[in-house]
>>> print(open('upload.txt').read())   # compact mmCIF, C-alpha atoms and all ligand atoms
# COMPACT_ATOMS: atom_id res chain seq x y z
CA MET K 1 117.73 65.89 51.11
CA THR K 2 121.49 66.49 51.30
CA GLN K 3 122.52 63.02 52.36
CA PRO K 4 123.76 60.44 49.88
CA VAL K 5 121.09 57.97 48.83
CA TRP K 6 123.02 55.04 50.24
CA THR K 7 125.12 54.69 53.35
CA PRO K 8 128.81 55.07 52.64
CA PRO K 9 131.21 52.95 54.71
CA HIS K 10 133.44 55.94 55.55
CA PRO K 11 132.97 59.15 57.59
CA LEU K 12 131.25 61.99 55.72
CA SER K 13 133.34 65.01 54.80
CA LEU K 14 130.47 67.46 55.14
CA GLU K 15 126.79 67.56 56.16
CA TRP K 16 124.21 70.33 56.03
CA LYS K 17 122.58 70.51 59.45
CA GLY K 18 119.66 72.86 58.74
CA ASP K 19 121.35 76.05 59.91
CA TYR K 20 125.05 75.25 59.82
CA LEU K 21 127.58 73.24 57.84
CA ALA K 22 129.22 70.36 59.70
CA LEU K 23 132.75 69.81 58.35
CA LEU K 24 134.92 66.92 59.41
CA ASP K 25 138.25 68.66 60.04
CA GLN K 26 140.55 66.70 57.74
CA ARG K 27 143.67 68.39 59.16
CA ARG K 28 143.21 66.41 62.37
CA LEU K 29 142.68 63.00 60.79
CA PRO K 30 143.44 60.24 61.45
CA ALA K 31 144.29 61.05 65.09
CA GLU K 32 141.10 62.92 65.97
CA LYS K 33 137.59 63.13 64.51
CA VAL K 34 136.67 66.78 65.08
CA VAL K 35 133.55 68.19 63.43
CA LEU K 36 133.54 71.95 62.85
CA GLN K 37 130.23 73.84 63.08
CA ILE K 38 130.54 76.39 60.28
CA THR K 39 128.11 79.30 60.33
CA THR K 40 129.70 81.97 58.09
CA ALA K 41 131.06 82.31 54.56
CA GLU K 42 134.38 83.51 55.98
CA GLU K 43 134.72 80.29 57.99
CA VAL K 44 134.02 78.23 54.86
CA ARG K 45 136.70 80.15 52.94
CA GLU K 46 139.21 79.63 55.76
CA ALA K 47 138.34 75.92 55.97
CA ILE K 48 139.05 75.57 52.22
CA VAL K 49 142.29 77.59 52.32
CA HIS K 50 143.65 75.64 55.31
CA LEU K 51 142.49 72.20 54.08
CA ALA K 52 139.95 71.44 56.81
CA VAL K 53 137.87 70.50 53.76
CA ARG K 54 139.77 69.50 50.63
CA GLY K 55 139.38 67.46 47.46
CA ALA K 56 137.94 69.03 44.32
CA PRO K 57 134.24 68.07 44.61
CA ALA K 58 134.08 68.65 48.39
CA ILE K 59 135.43 72.20 48.18
CA GLY K 60 132.86 73.03 45.49
CA ILE K 61 130.02 71.75 47.66
CA ALA K 62 131.33 73.54 50.77
CA ALA K 63 131.73 76.81 48.86
CA VAL K 64 128.08 76.86 47.77
CA TYR K 65 126.90 76.26 51.34
CA GLY K 66 129.30 79.11 52.20
CA LEU K 67 127.55 81.30 49.65
CA TYR K 68 124.24 80.61 51.36
CA LEU K 69 125.70 81.28 54.81
CA GLY K 70 127.10 84.59 53.55
CA MET K 71 123.79 85.71 52.02
CA ARG K 72 121.31 84.39 54.55
CA ASN K 73 121.09 87.55 56.67
CA PHE K 74 119.72 89.67 53.83
CA GLN K 75 116.00 90.42 54.20
CA ASP K 76 113.16 91.14 51.79
CA GLY K 77 113.47 94.75 50.65
CA GLU K 78 117.28 94.56 50.53
CA GLU K 79 117.39 93.37 46.90
CA ASP K 80 119.93 95.97 45.76
CA ALA K 81 122.36 95.08 48.53
CA PHE K 82 121.79 91.37 47.87
CA TRP K 83 122.64 91.70 44.17
CA GLN K 84 125.70 93.80 44.99
CA GLU K 85 127.04 91.31 47.52
CA LEU K 86 126.39 88.08 45.57
CA PRO K 87 129.13 88.45 42.89
CA ARG K 88 131.60 89.79 45.45
CA LEU K 89 131.11 86.76 47.67
CA VAL K 90 131.25 84.35 44.71
CA ASP K 91 134.65 85.85 43.76
CA ASP K 92 135.87 85.74 47.35
CA LEU K 93 134.99 82.06 47.83
CA ASN K 94 136.31 81.19 44.37
CA ALA K 95 139.69 82.70 45.25
CA ALA K 96 140.20 80.27 48.15
CA ARG K 97 142.07 77.75 45.95
CA PRO K 98 142.94 78.06 42.24
CA THR K 99 143.49 74.59 40.75
CA ALA K 100 140.32 72.54 41.27
CA VAL K 101 137.78 73.79 38.73
CA ASN K 102 134.92 72.28 40.76
CA LEU K 103 135.09 75.31 43.05
CA SER K 104 134.24 77.81 40.30
CA TRP K 105 131.95 75.28 38.57
CA ALA K 106 129.73 74.95 41.66
CA LEU K 107 129.71 78.69 42.41
CA LYS K 108 129.02 79.67 38.78
CA ARG K 109 126.23 77.09 38.49
CA THR K 110 124.58 78.50 41.61
CA ALA K 111 125.02 82.14 40.61
CA ALA K 112 123.56 81.36 37.15
CA LYS K 113 120.54 79.67 38.76
CA VAL K 114 119.89 82.64 41.05
CA GLU K 115 120.31 85.02 38.10
CA THR K 116 117.30 83.35 36.42
CA LEU K 117 115.23 84.51 39.43
CA ARG K 118 116.16 88.22 39.19
CA SER K 119 112.69 89.55 39.90
CA ARG K 120 112.09 87.37 43.00
CA SER K 121 112.18 88.37 46.67
CA VAL K 122 115.35 88.01 48.76
CA GLU K 123 113.73 85.14 50.69
CA GLU K 124 113.16 83.25 47.43
CA LEU K 125 116.69 83.98 46.21
CA LYS K 126 118.22 82.69 49.44
CA ALA K 127 116.09 79.56 49.25
CA ALA K 128 117.33 79.01 45.69
CA ILE K 129 120.98 79.18 46.78
CA LEU K 130 120.41 76.61 49.51
CA ALA K 131 118.43 74.36 47.16
CA GLU K 132 121.28 74.47 44.64
CA ALA K 133 123.86 73.63 47.32
CA ARG K 134 121.79 70.63 48.36
CA ALA K 135 121.32 69.53 44.76
CA ILE K 136 125.06 69.73 44.00
CA HIS K 137 125.77 67.82 47.23
CA ARG K 138 123.25 65.07 46.46
CA GLU K 139 124.24 64.80 42.80
CA ASP K 140 127.93 64.42 43.70
CA ALA K 141 127.22 61.24 45.66
CA GLU K 142 125.33 59.84 42.66
CA VAL K 143 128.07 60.91 40.26
CA CYS K 144 130.68 59.13 42.39
CA ARG K 145 128.64 55.95 42.40
CA ARG K 146 128.31 56.04 38.61
CA ILE K 147 132.05 56.66 38.20
CA GLY K 148 132.60 53.66 40.47
CA GLU K 149 130.38 51.45 38.33
CA TYR K 150 132.13 52.41 35.10
CA ALA K 151 135.56 52.01 36.72
CA LEU K 152 134.63 48.56 38.00
CA THR K 153 134.32 47.37 34.38
CA LEU K 154 138.08 47.99 34.06
CA LEU K 155 139.03 45.99 37.17
CA LYS K 156 139.19 42.32 38.07
CA ASP K 157 138.90 40.50 41.36
CA GLY K 158 142.34 40.06 42.97
CA MET K 159 144.02 43.05 41.31
CA GLY K 160 146.61 45.30 42.95
CA ILE K 161 145.65 48.98 42.58
CA LEU K 162 147.82 51.98 43.33
CA THR K 163 146.33 55.37 44.13
CA HIS K 164 147.84 58.75 44.95
CA CYS K 165 146.49 61.45 47.31
CA ASN K 166 142.87 61.11 48.47
CA ALA K 167 140.12 60.95 45.88
CA GLY K 168 137.85 59.13 48.29
CA GLY K 169 134.72 59.75 50.29
CA LEU K 170 136.51 62.46 52.23
CA ALA K 171 137.18 64.41 49.02
CA THR K 172 133.56 64.22 47.80
CA ALA K 173 129.98 63.94 49.05
CA ALA K 174 130.44 60.16 49.36
CA TYR K 175 132.44 57.21 48.01
CA GLY K 176 134.95 59.33 46.13
CA THR K 177 135.98 59.14 42.52
CA ALA K 178 139.13 57.00 42.33
CA LEU K 179 138.13 55.08 45.45
CA ALA K 180 134.50 54.50 44.40
CA PRO K 181 135.25 51.30 42.41
CA MET K 182 137.22 49.96 45.36
CA TYR K 183 134.22 50.41 47.67
CA LEU K 184 131.87 48.88 45.08
CA ALA K 185 134.23 45.93 44.56
CA HIS K 186 134.37 45.43 48.33
CA GLU K 187 130.54 45.46 48.50
CA ARG K 188 130.55 42.70 45.87
CA GLY K 189 133.01 40.60 47.85
CA TRP K 190 135.99 41.16 45.56
CA LYS K 191 139.47 41.03 47.07
CA LEU K 192 141.44 44.00 45.79
CA LYS K 193 144.80 45.00 47.23
CA VAL K 194 145.12 48.78 47.38
CA TYR K 195 148.49 50.54 47.63
CA ALA K 196 148.14 54.10 48.94
CA ASP K 197 151.01 56.51 48.26
CA GLU K 198 151.51 58.56 51.41
CA THR K 199 151.47 61.77 49.28
CA ARG K 200 154.06 64.22 50.51
CA PRO K 201 153.99 66.86 51.85
CA VAL K 202 150.48 66.96 53.42
CA LEU K 203 150.06 63.15 53.54
CA GLN K 204 146.52 62.88 52.15
CA GLY K 205 147.36 59.29 51.18
CA SER K 206 148.37 58.11 54.62
CA ARG K 207 146.18 60.35 56.77
CA LEU K 208 143.02 60.11 54.65
CA THR K 209 143.07 57.35 52.00
CA ALA K 210 144.61 54.70 54.24
CA PHE K 211 142.29 55.85 57.04
CA GLU K 212 139.01 55.72 55.13
CA LEU K 213 139.78 52.45 53.33
CA GLN K 214 140.91 50.80 56.55
CA GLN K 215 137.77 52.01 58.37
CA ALA K 216 135.67 50.44 55.62
CA GLY K 217 137.48 47.13 55.92
CA LEU K 218 139.39 47.20 52.62
CA ASP K 219 142.83 45.70 52.14
CA VAL K 220 145.06 48.79 52.05
CA THR K 221 148.84 49.00 52.24
CA LEU K 222 150.58 52.32 52.81
CA ILE K 223 153.77 53.08 50.89
CA CYS K 224 156.02 56.15 50.70
CA ASP K 225 155.76 58.03 47.41
CA ASN K 226 159.28 56.99 46.41
CA MET K 227 158.35 53.30 46.66
CA ALA K 228 155.78 53.33 43.84
CA GLY K 229 158.33 52.34 41.16
CA ALA K 230 159.68 49.43 43.20
CA VAL K 231 156.18 48.18 43.99
CA MET K 232 155.29 48.27 40.28
CA LYS K 233 158.54 46.50 39.35
CA GLU K 234 157.75 43.77 41.87
CA GLY K 235 154.50 43.12 39.97
CA LYS K 236 152.25 44.08 42.85
CA VAL K 237 150.24 46.67 40.90
CA GLN K 238 148.09 45.93 37.84
CA VAL K 239 146.34 49.28 37.59
CA VAL K 240 146.64 52.88 38.83
CA ILE K 241 143.56 55.02 39.52
CA VAL K 242 143.76 58.63 40.68
CA GLY K 243 141.38 61.56 40.92
CA THR K 244 141.79 64.99 39.36
CA ASP K 245 141.33 68.66 40.12
CA ARG K 246 140.96 69.73 36.50
CA VAL K 247 141.07 68.09 33.09
CA ALA K 248 141.92 70.49 30.25
CA ALA K 249 140.18 70.33 26.85
CA ASN K 250 143.18 68.44 25.37
CA GLY K 251 142.95 65.74 28.08
CA ASP K 252 145.87 66.93 30.23
CA VAL K 253 145.15 66.17 33.89
CA ALA K 254 145.98 68.26 36.96
CA ASN K 255 146.09 66.36 40.22
CA LYS K 256 148.03 66.25 43.48
CA ILE K 257 151.77 66.79 43.14
CA GLY K 258 153.43 63.45 42.42
CA THR K 259 150.69 62.18 40.14
CA TYR K 260 152.80 62.89 37.04
CA SER K 261 155.67 60.79 38.43
CA VAL K 262 153.24 57.91 39.08
CA ALA K 263 151.92 58.18 35.49
CA VAL K 264 155.43 58.05 34.03
CA LEU K 265 156.24 55.03 36.21
CA ALA K 266 153.01 53.32 35.16
CA LYS K 267 153.83 53.84 31.47
CA ALA K 268 157.38 52.49 31.99
CA HIS K 269 155.91 49.34 33.54
CA GLY K 270 153.07 48.90 31.03
CA ILE K 271 150.44 49.49 33.72
CA PRO K 272 147.18 51.28 32.77
CA PHE K 273 146.84 54.72 34.36
CA TYR K 274 143.21 55.78 34.85
CA VAL K 275 141.84 59.12 35.99
CA ALA K 276 138.44 59.18 37.69
CA ALA K 277 136.84 62.53 36.91
CA PRO K 278 133.34 63.86 37.48
CA THR K 279 132.42 65.96 34.43
CA SER K 280 132.41 68.95 36.80
CA SER K 281 136.23 68.55 36.81
CA ILE K 282 136.51 68.70 33.01
CA ASP K 283 137.18 72.27 31.96
CA LEU K 284 136.67 72.68 28.23
CA GLY K 285 137.47 76.38 28.68
CA THR K 286 141.10 75.59 29.56
CA PRO K 287 142.76 74.51 26.28
CA THR K 288 145.76 72.59 27.69
CA GLY K 289 147.41 71.68 30.98
CA ALA K 290 149.81 74.60 30.56
CA GLU K 291 146.93 77.01 31.30
CA ILE K 292 145.81 75.27 34.51
CA PRO K 293 146.72 77.47 37.48
CA ILE K 294 148.87 75.49 39.90
CA GLU K 295 148.56 76.43 43.55
CA GLU K 296 151.80 76.98 45.45
CA ARG K 297 151.55 76.44 49.18
CA ALA K 298 153.57 77.52 52.21
CA ALA K 299 157.16 76.30 52.57
CA GLU K 300 156.37 75.09 56.09
CA GLU K 301 154.32 72.20 54.64
CA ILE K 302 157.70 70.77 53.57
CA THR K 303 160.12 72.12 56.15
CA CYS K 304 157.99 71.70 59.25
CA GLY K 305 155.01 69.63 58.13
CA PHE K 306 153.66 68.20 61.34
CA GLY K 307 155.34 70.34 63.96
CA LYS K 308 158.92 69.10 63.63
CA ALA K 309 161.62 70.93 61.64
CA THR K 310 162.87 68.64 58.87
CA ALA K 311 164.97 71.17 56.93
CA PRO K 312 167.52 73.85 57.79
CA GLU K 313 165.96 77.20 58.68
CA GLY K 314 165.82 79.62 55.75
CA VAL K 315 166.34 76.97 53.04
CA GLN K 316 164.69 77.79 49.69
CA VAL K 317 161.59 75.70 49.03
CA TYR K 318 159.41 75.11 45.97
CA ASN K 319 156.01 73.69 46.94
CA PRO K 320 153.54 73.32 44.04
CA ALA K 321 150.48 71.49 45.38
CA PHE K 322 149.56 69.97 41.99
CA ASP K 323 151.17 68.82 38.75
CA VAL K 324 149.92 68.19 35.24
CA THR K 325 150.04 64.76 33.63
CA PRO K 326 150.03 65.03 29.82
CA ALA K 327 147.12 63.23 28.14
CA GLU K 328 149.52 60.78 26.46
CA TYR K 329 150.20 59.16 29.85
CA VAL K 330 146.51 58.70 30.66
CA THR K 331 144.97 55.41 29.49
CA ALA K 332 141.39 56.63 29.99
CA ILE K 333 139.28 59.12 31.90
CA ILE K 334 136.39 57.58 33.82
CA THR K 335 133.41 59.91 34.20
CA GLU K 336 129.84 59.47 35.41
CA ASN K 337 128.80 59.50 31.75
CA GLY K 338 131.23 56.88 30.50
CA ILE K 339 134.87 56.12 29.85
CA VAL K 340 136.74 58.29 27.38
CA ASP K 341 140.19 58.44 25.78
CA PRO K 342 141.70 61.76 26.95
CA ARG K 343 143.14 62.39 23.47
CA ASP K 344 139.65 62.18 21.98
CA LYS K 345 138.63 65.86 22.21
CA GLU K 346 135.17 65.18 20.81
CA GLY K 347 134.69 62.31 23.27
CA LEU K 348 135.58 64.59 26.17
CA ARG K 349 133.09 67.14 24.90
CA ARG K 350 130.43 64.44 24.56
CA VAL K 351 130.78 63.19 28.15
CA VAL K 352 130.59 66.76 29.43
CA LEU K 353 127.39 67.20 27.43
CA HIS K 354 126.07 64.02 29.11
CA LYS K 355 126.00 61.73 26.12
CA GLN K 356 126.99 58.11 26.65
CA THR K 357 130.28 57.08 25.03
CA ILE K 358 130.26 53.38 25.87
O1 LIG L 401 145.12 69.49 48.03
P1 LIG L 401 143.96 68.53 48.02
O2 LIG L 401 144.00 67.55 49.14
O3 LIG L 401 142.65 69.23 47.90
O4 LIG L 401 144.17 67.71 46.66
C1 LIG L 401 143.21 66.74 46.33
C2 LIG L 401 143.52 65.99 45.10
O5 LIG L 401 144.50 66.25 44.42
C3 LIG L 401 142.49 64.98 44.65
O6 LIG L 401 143.11 63.92 44.00
C4 LIG L 401 141.50 65.66 43.71
O7 LIG L 401 140.99 66.82 44.28
C5 LIG L 401 140.37 64.74 43.34
S1 LIG L 401 139.27 64.46 44.69
C6 LIG L 401 138.01 63.47 44.09
>>> encode(input="upload.txt", output="structure tokens", more="lines below")
Ligand code: MRU
Amino acid sequence: MTQPVWTPPHPLSLEWKGDYLALLDQRRLPAEKVVLQITTAEEVREAIVHLAVRGAPAIGIAAVYGLYLGMRNFQDGEEDAFWQELPRLVDDLNAARPTAVNLSWALKRTAAKVETLRSRSVEELKAAILAEARAIHREDAEVCRRIGEYALTLLKDGMGILTHCNAGGLATAAYGTALAPMYLAHERGWKLKVYADETRPVLQGSRLTAFELQQAGLDVTLICDNMAGAVMKEGKVQVVIVGTDRVAANGDVANKIGTYSVAVLAKAHGIPFYVAAPTSSIDLGTPTGAEIPIEERAAEEITCGFGKATAPEGVQVYNPAFDVTPAEYVTAIITENGIVDPRDKEGLRRVVLHKQTI
């Protein structure tokens, strides 16, 4: 079963349809709901590179289905060719985007599983890849729900919450990470007021977060990124919750560009700044935020984002897609295994090893 075990109130980012991957094309939201029928690994890679599917957990899930799609034409008797192609395709899919560690986490987990079946037939190996993709997909929905339940313990009915980018259902199998407590609060009849930063330059906040929360009937207000400080100063926000693409072993957090500015503003206003992170986003192999690779994207995202030139031709542009928030700005990291202080290295290790910390 690849579907979440409960019905999320937002459109699904991806669904396995038996012989193809259905991807909701997030580039076209909110204007159009177009579902892509993806049948090859190359199409999955392209969809990740060009943000048809985006968000750390969702790209990991999509990549593993891509691995299956890329290996499914091998037949019994072609074991040598299968074992030659597998690592090449893992590397190729992994290279689609560098910052979110969930991509390599999901691919490595699958490759390691298949490796344990070395002596099996190609048919069995292919079945194992698909089974792992489905397991990662299903588990992600559960993980999001558990993050939501832990995060809810930090919130109160009536609060104003600011979020940046889209760490919602569209970025995951279902419910999201940062948005999961908002959906759970809504289910319980709480009245939260969510402020969504629009998230320049690709507008994940306005096109995706505002869209999915509004569809689900939550109280969401869209603001431009440069309004966050004013909104905090006006006392409208009591808590910030964002997602992450990678947490380093020292608790530094990479997330969508602009997250660091929000964290600094939150600290200046005495507002708690929480990061919702599945343990698949915690990378104990990356010592600090300085070692997290930060993706740089095309200048056109800034100069000509949605078809209209907004900058002089030929102007120099710097377009990092992510930034790193130092651990000292992060009040707590909320995982599916509990809530942890990012400066507590042992605590981070414990949640990754699935031991309860609260
Ligand atoms: O470039 P994107 O849209 O993939 O960036 C997404 C984010 O930065 C999210 O906040 C992060 O991946 C967490 S999603 C649960």
>>> closest_residue(input="upload.txt", among="K:Glu139, K:Glu212, K:Glu234, K:Glu187", to="Thr279 of chain K", atoms="all atoms listed in the file")
K:Glu139
>>> residues_near_ligand(input="upload.txt", ligand="ligand LIG 401 (chain L)", cutoff="6 Å", atoms="only C-alpha atoms and all ligand atoms", output="list in words")
Arg54, Gly55, Ala56, Pro57, Cys165, Asn166, Ala167, Ala171, Thr172, Gly176, Thr177, Gly243, Thr244, Asp245, Asn255 and Lys256 of chain K
>>> atom_distance(input="upload.txt", atom1="atom CA of Val114 of chain K", atom2="atom CA of Asn102 of chain K")
18.3 Å
>>> closest_atom_pairs(input="upload.txt", of="segment 186-206 of chain K", to="segment 30-51 of chain K", cutoff="12 Å", atoms="only C-alpha atoms", output="CSV")
residue,atom,partner,partner_atom,distance
K:Val202,CA,K:Leu51,CA,9.6
K:Leu203,CA,K:Pro30,CA,10.7
K:Gln204,CA,K:Pro30,CA,10.1
K:Gly205,CA,K:Pro30,CA,11.0
K:Ser206,CA,K:Pro30,CA,8.7
>>> closest_residue(input="upload.txt", among="K:Ala266, K:Ala276, K:Met71, K:Ala216", to="His186 of chain K", atoms="all atoms listed in the file")
K:Ala216
>>> residues_near_point(input="upload.txt", point="(143.3, 76.8, 43.9)", cutoff="10 Å", atoms="all atoms listed in the file", output="list in words")
Ile48, Val49, Ala56, Asn94, Ala95, Ala96, Arg97, Pro98, Thr99, Ala100, Val101, Leu103, Ser104, Asp245, Ile292, Pro293, Ile294, Glu295, Glu296, Arg297, Ala321 and Phe322 of chain K
>>> residues_near_point(input="upload.txt", point="(130.5, 71.6, 52.1)", cutoff="10 Å", atoms="all atoms listed in the file", output="number ranges by chain")
K: 13-16, 21-24, 38, 44, 47-48, 53-54, 57-66, 133-134, 136-137, 172-173
>>> write_last_selection(input="upload.txt", atoms="C-alpha atoms", output="compact mmCIF listing (two decimals), in the coordinates of the input")
# COMPACT_ATOMS: atom_id res chain seq x y z
CA SER K 13 133.34 65.01 54.80
CA LEU K 14 130.47 67.46 55.14
CA GLU K 15 126.79 67.56 56.16
CA TRP K 16 124.21 70.33 56.03
CA LEU K 21 127.58 73.24 57.84
CA ALA K 22 129.22 70.36 59.70
CA LEU K 23 132.75 69.81 58.35
CA LEU K 24 134.92 66.92 59.41
CA ILE K 38 130.54 76.39 60.28
CA VAL K 44 134.02 78.23 54.86
CA ALA K 47 138.34 75.92 55.97
CA ILE K 48 139.05 75.57 52.22
CA VAL K 53 137.87 70.50 53.76
CA ARG K 54 139.77 69.50 50.63
CA PRO K 57 134.24 68.07 44.61
CA ALA K 58 134.08 68.65 48.39
CA ILE K 59 135.43 72.20 48.18
CA GLY K 60 132.86 73.03 45.49
CA ILE K 61 130.02 71.75 47.66
CA ALA K 62 131.33 73.54 50.77
CA ALA K 63 131.73 76.81 48.86
CA VAL K 64 128.08 76.86 47.77
CA TYR K 65 126.90 76.26 51.34
CA GLY K 66 129.30 79.11 52.20
CA ALA K 133 123.86 73.63 47.32
CA ARG K 134 121.79 70.63 48.36
CA ILE K 136 125.06 69.73 44.00
CA HIS K 137 125.77 67.82 47.23
CA THR K 172 133.56 64.22 47.80
CA ALA K 173 129.98 63.94 49.05
>>> atom_distance(input="upload.txt", atom1="atom CA of Met182 of chain K", atom2="atom CA of Gly305 of chain K")
29.4 Å
>>> atom_distance(input="upload.txt", atom1="atom CA of Ile282 of chain K", atom2="atom CA of Thr110 of chain K")
17.7 Å
>>> residues_around(input="upload.txt", residues="Leu348 of chain K", least_positions_apart="2", cutoff="9 Å", atoms="all atoms listed in the file", output="PyMOL selection string")
chain K and resi 249-251+279+282+284+333+340-346+350-353
>>> closest_residue(input="upload.txt", among="K:Thr163, K:Thr209, K:Thr286, K:Thr199", to="Gln238 of chain K", atoms="all atoms listed in the file")
K:Thr163
>>> closest_residue(input="upload.txt", among="K:Gly169, K:Gly160, K:Gly229, K:Pro278", to="Thr7 of chain K", atoms="only C-alpha atoms")
K:Gly169
>>> closest_residue(input="upload.txt", among="K:Arg145, K:Lys108, K:Arg207, K:His269", to="Leu179 of chain K", atoms="only C-alpha atoms")
K:Arg145
>>> closest_residue(input="upload.txt", among="K:Val264, K:Ala254, K:Pro326, K:Pro201", to="Thr310 of chain K", atoms="only C-alpha atoms")
K:Pro201
>>> axis_aligned_box(input="upload.txt", around="segment 164-169 of chain K", padding_each_side="8 Å", output="lines of an AutoDock Vina configuration file")
center_x = 141.3
center_y = 60.1
center_z = 47.6
size_x = 29.1
size_y = 18.7
size_z = 21.3
>>> residues_around(input="upload.txt", residues="Ile241 of chain K", least_positions_apart="5", cutoff="8 Å", atoms="all atoms listed in the file", output="NGL selection string")
:K and (161-164 or 178 or 273-276)
>>> residues_around(input="upload.txt", residues="Asp225 of chain K", least_positions_apart="2", cutoff="9 Å", atoms="all atoms listed in the file", output="list in words")
His164, Ala196, Asp197, Glu198, Thr199, Arg200, Ile223, Met227, Ala228, Gly229, Gly258 and Val262 of chain K
>>> residues_around(input="upload.txt", residues="Leu86 of chain K", least_positions_apart="3", cutoff="10 Å", atoms="all atoms listed in the file", output="VMD selection string")
chain K and resid 67 to 68 70 to 71 81 to 83 89 to 92 111 114
